[in-house]
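**Q** Provided herewith is a single structure, encoded as structure tokens, for subsequent inquiry.
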Amino acid sequence: MPLTYKGLKGKYIGWGIASLIIGLIAGGITGSVINMYLGGLVTLLLTPGLLFFTLQRQRGGIYNRTRQDGLFIHPLNLPKSYVREKNI
């Protein structure tokens, strides 16, 4: 059973923390360089946006893997380059 905190599970707890930190840092940098009000707006828009993205990724599953459809046939004989030759 994965670790759960406030609806976030497993690795997405770290993603949520990173979303908060990135939103605050981006807003702080924007506020100090351009304008304080624009920095506040960036913080208010970016942080929930990144948290929403994190929650959407979590819906795919904690162990989100690429699922491929099809039949995969592995060769029985390896090519000559993979066969180890004996030293005489």
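As shown in the structure tokens, the chain order sets the letters A, B, ...; within each chain, residues go from 1, and ligands are also counted from 1 in the order they appear.
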Might you pull out every residue within 8 Å of A:Gly16, with only C-alpha atoms counted and same-chain residues fewer than 5 positions away left off, and present them as number ranges by chain?
**A** A: 8, 50-51, 54
**Q** Can you spit out the residues from that selection as a PDB file, in the first residue's frame, using N, CA and C atoms?
**A**
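New file selection-v8.pdb:
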```
ATOM      1  N   LEU A   8      -2.881  12.659  -2.306  1.00  0.00           N
ATOM      2  CA  LEU A   8      -1.764  12.326  -3.184  1.00  0.00           C
ATOM      3  C   LEU A   8      -1.143  11.022  -2.710  1.00  0.00           C
ATOM      4  N   LEU A  50      -0.227  23.607 -11.783  1.00  0.00           N
ATOM      5  CA  LEU A  50       0.688  22.479 -11.624  1.00  0.00           C
ATOM      6  C   LEU A  50       0.102  21.402 -10.716  1.00  0.00           C
ATOM      7  N   LEU A  51      -0.634  21.806  -9.678  1.00  0.00           N
ATOM      8  CA  LEU A  51      -1.290  20.809  -8.815  1.00  0.00           C
ATOM      9  C   LEU A  51      -2.370  20.051  -9.579  1.00  0.00           C
ATOM     10  N   THR A  54      -0.653  17.532 -11.655  1.00  0.00           N
ATOM     11  CA  THR A  54      -0.212  16.420 -10.815  1.00  0.00           C
ATOM     12  C   THR A  54      -1.369  15.471 -10.528  1.00  0.00           C
TER      13      THR A  54
END
```
**Q** Considering only C-alpha atoms, return as a short mmCIF file (atom, residue, chain, number, x, y, z; two decimals) with N, CA and C atoms, in the first residue's frame whatever protein or nucleic-acid residues lie within 12 Å of A:Leu55, sequence-local ones (same chain, fewer than 6 positions apart) excluded.
**A**
```
data_model
loop_
_atom_site.label_atom_id
_atom_site.label_comp_id
_atom_site.auth_asym_id
_atom_site.auth_seq_id
_atom_site.Cartn_x
_atom_site.Cartn_y
_atom_site.Cartn_z
N LYS A 6 -3.11 13.76 1.90
CA LYS A 6 -4.04 14.75 1.32
C LYS A 6 -4.49 14.37 -0.09
N GLY A 7 -4.74 13.11 -0.34
CA GLY A 7 -5.21 12.66 -1.64
C GLY A 7 -4.12 12.33 -2.63
N LEU A 8 -2.88 12.66 -2.31
CA LEU A 8 -1.76 12.33 -3.18
C LEU A 8 -1.14 11.02 -2.71
N LYS A 9 -0.77 10.18 -3.66
CA LYS A 9 -0.23 8.87 -3.31
C LYS A 9 1.16 8.69 -3.90
N LYS A 11 4.67 8.61 -5.34
CA LYS A 11 5.59 9.60 -5.91
C LYS A 11 4.92 10.94 -6.17
N TYR A 12 3.59 10.97 -6.21
CA TYR A 12 2.89 12.22 -6.51
C TYR A 12 2.88 13.16 -5.31
N ILE A 13 3.24 12.68 -4.13
CA ILE A 13 3.43 13.58 -2.98
C ILE A 13 4.60 14.52 -3.29
N GLY A 14 5.68 13.97 -3.81
CA GLY A 14 6.82 14.79 -4.22
C GLY A 14 6.48 15.72 -5.36
N TRP A 15 5.68 15.24 -6.30
CA TRP A 15 5.25 16.09 -7.41
C TRP A 15 4.43 17.27 -6.88
N GLY A 16 3.57 17.02 -5.89
CA GLY A 16 2.76 18.10 -5.31
C GLY A 16 3.62 19.13 -4.60
N SER A 19 5.34 21.15 -7.16
CA SER A 19 4.42 22.11 -7.78
C SER A 19 4.29 23.37 -6.93
N PRO A 48 -1.88 26.35 -8.71
CA PRO A 48 -3.02 25.43 -8.90
C PRO A 48 -2.96 24.69 -10.23
N GLY A 49 -2.40 25.34 -11.25
CA GLY A 49 -2.27 24.66 -12.54
C GLY A 49 -1.36 23.45 -12.46
N GLY A 61 -2.41 6.30 -12.65
CA GLY A 61 -1.90 5.24 -11.80
C GLY A 61 -0.54 5.59 -11.25
N ILE A 62 -0.25 5.03 -10.10
CA ILE A 62 1.03 5.31 -9.45
C ILE A 62 2.18 4.75 -10.27
#
```
**Q** Excluding A:Met36 and residues on its chain fewer than 6 positions from it, collect all residues at most 9 Å away from it, counting only C-alpha atoms, and give them as a PyMOL selection string.
**A** chain A and resi 27-28+30
**Q** Pull the strand (DSSP E) assignments for stretch 2-86 of chain A out of DSSP run on the backbone, and list those residues as a PyMOL selection string.
**A** chain A and resi 4-5+8-9
**Q** Next, dump the selected residues to file, keeping only N, CA, C and O atoms, as a PDB file, in the first residue's frame.
**A**
```
ATOM      1  N   THR A   4       0.161   7.801   1.510  1.00  0.00           N
ATOM      2  CA  THR A   4      -0.898   8.710   1.079  1.00  0.00           C
ATOM      3  C   THR A   4      -0.897   9.953   1.952  1.00  0.00           C
ATOM      4  O   THR A   4      -0.771   9.861   3.172  1.00  0.00           O
ATOM      5  N   TYR A   5      -1.039  11.122   1.330  1.00  0.00           N
ATOM      6  CA  TYR A   5      -1.132  12.384   2.066  1.00  0.00           C
ATOM      7  C   TYR A   5      -2.016  13.352   1.287  1.00  0.00           C
ATOM      8  O   TYR A   5      -1.708  13.708   0.146  1.00  0.00           O
ATOM      9  N   LEU A   8      -2.881  12.659  -2.306  1.00  0.00           N
ATOM     10  CA  LEU A   8      -1.764  12.326  -3.184  1.00  0.00           C
ATOM     11  C   LEU A   8      -1.143  11.022  -2.710  1.00  0.00           C
ATOM     12  O   LEU A   8      -1.003  10.788  -1.515  1.00  0.00           O
ATOM     13  N   LYS A   9      -0.765  10.182  -3.656  1.00  0.00           N
ATOM     14  CA  LYS A   9      -0.231   8.871  -3.308  1.00  0.00           C
ATOM     15  C   LYS A   9       1.161   8.685  -3.896  1.00  0.00           C
ATOM     16  O   LYS A   9       1.427   9.093  -5.022  1.00  0.00           O
TER      17      LYS A   9
END
```
**Q** Atom CA of A:Leu38 and atom CA of A:Phe53 are how many Å apart?
**A**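 Result for atom CA of A:Leu38 versus atom CA of A:Phe53: 22.0 Å, one decimal.
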**Q** Can you measure atom CA of A:Leu45 to atom CA of A:Leu20 for me? One decimal in Å is fine.
**A**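 So the two atoms, atom CA of A:Leu45 and atom CA of A:Leu20, lie 11.3 Å apart.
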**Q** From the list A:Thr47, A:Gln68, A:Ser32, A:Gln56, which residue is nearest A:Ile17 when using only C-alpha atoms?
**A** A:Thr47
**Q** Take atom CA of A:Phe72 and atom CA of A:Gln58 and report the distance between them in Å, one decimal.
**A**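 Value for the atom CA of A:Phe72-atom CA of A:Gln58 distance: 28.7 Å.
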**Q** From the DSSP assignment of the backbone, select every residue of stretch 5-72 of chain A that is alpha helix (DSSP H), and format the answer as a PyMOL selection string.
**A** chain A and resi 12-33+36-59
**Q** Write a file of the selected residues as a PDB file, in the first residue's frame, keeping C-alpha atoms.
**A**
```pdb
ATOM      1  CA  TYR A  12       2.890  12.216  -6.507  1.00  0.00           C
ATOM      2  CA  ILE A  13       3.432  13.581  -2.984  1.00  0.00           C
ATOM      3  CA  GLY A  14       6.822  14.788  -4.216  1.00  0.00           C
ATOM      4  CA  TRP A  15       5.246  16.094  -7.410  1.00  0.00           C
ATOM      5  CA  GLY A  16       2.758  18.095  -5.311  1.00  0.00           C
ATOM      6  CA  ILE A  17       5.505  19.586  -3.153  1.00  0.00           C
ATOM      7  CA  ALA A  18       7.507  20.436  -6.272  1.00  0.00           C
ATOM      8  CA  SER A  19       4.415  22.109  -7.777  1.00  0.00           C
ATOM      9  CA  LEU A  20       4.071  24.360  -4.741  1.00  0.00           C
ATOM     10  CA  ILE A  21       7.765  25.235  -4.680  1.00  0.00           C
ATOM     11  CA  ILE A  22       7.961  25.930  -8.436  1.00  0.00           C
ATOM     12  CA  GLY A  23       4.859  28.148  -8.272  1.00  0.00           C
ATOM     13  CA  LEU A  24       6.232  30.146  -5.354  1.00  0.00           C
ATOM     14  CA  ILE A  25       9.709  30.550  -6.855  1.00  0.00           C
ATOM     15  CA  ALA A  26       8.380  31.529 -10.298  1.00  0.00           C
ATOM     16  CA  GLY A  27       6.013  34.057  -8.716  1.00  0.00           C
ATOM     17  CA  GLY A  28       8.773  35.441  -6.510  1.00  0.00           C
ATOM     18  CA  ILE A  29      11.187  35.867  -9.395  1.00  0.00           C
ATOM     19  CA  THR A  30       8.499  37.461 -11.569  1.00  0.00           C
ATOM     20  CA  GLY A  31       7.531  39.769  -8.720  1.00  0.00           C
ATOM     21  CA  SER A  32      11.075  40.894  -8.079  1.00  0.00           C
ATOM     22  CA  VAL A  33      12.039  41.360 -11.723  1.00  0.00           C
ATOM     23  CA  MET A  36       4.819  42.592  -7.593  1.00  0.00           C
ATOM     24  CA  TYR A  37       1.228  42.225  -8.799  1.00  0.00           C
ATOM     25  CA  LEU A  38       2.236  40.189 -11.824  1.00  0.00           C
ATOM     26  CA  GLY A  39       4.315  37.970  -9.534  1.00  0.00           C
ATOM     27  CA  GLY A  40       1.279  37.372  -7.342  1.00  0.00           C
ATOM     28  CA  LEU A  41      -0.807  36.568 -10.398  1.00  0.00           C
ATOM     29  CA  VAL A  42       1.823  34.109 -11.674  1.00  0.00           C
ATOM     30  CA  THR A  43       1.863  32.415  -8.261  1.00  0.00           C
ATOM     31  CA  LEU A  44      -1.937  32.223  -8.121  1.00  0.00           C
ATOM     32  CA  LEU A  45      -2.192  30.781 -11.638  1.00  0.00           C
ATOM     33  CA  LEU A  46       0.863  28.530 -11.814  1.00  0.00           C
ATOM     34  CA  THR A  47       0.566  26.731  -8.461  1.00  0.00           C
ATOM     35  CA  PRO A  48      -3.015  25.428  -8.898  1.00  0.00           C
ATOM     36  CA  GLY A  49      -2.271  24.663 -12.541  1.00  0.00           C
ATOM     37  CA  LEU A  50       0.688  22.479 -11.624  1.00  0.00           C
ATOM     38  CA  LEU A  51      -1.290  20.809  -8.815  1.00  0.00           C
ATOM     39  CA  PHE A  52      -4.111  20.080 -11.275  1.00  0.00           C
ATOM     40  CA  PHE A  53      -1.563  18.566 -13.665  1.00  0.00           C
ATOM     41  CA  THR A  54      -0.212  16.420 -10.815  1.00  0.00           C
ATOM     42  CA  LEU A  55      -3.688  15.159  -9.941  1.00  0.00           C
ATOM     43  CA  GLN A  56      -4.391  14.336 -13.587  1.00  0.00           C
ATOM     44  CA  ARG A  57      -1.154  12.353 -13.839  1.00  0.00           C
ATOM     45  CA  GLN A  58      -2.073  10.485 -10.670  1.00  0.00           C
ATOM     46  CA  ARG A  59      -5.313   9.311 -12.273  1.00  0.00           C
TER      47      ARG A  59
END
```
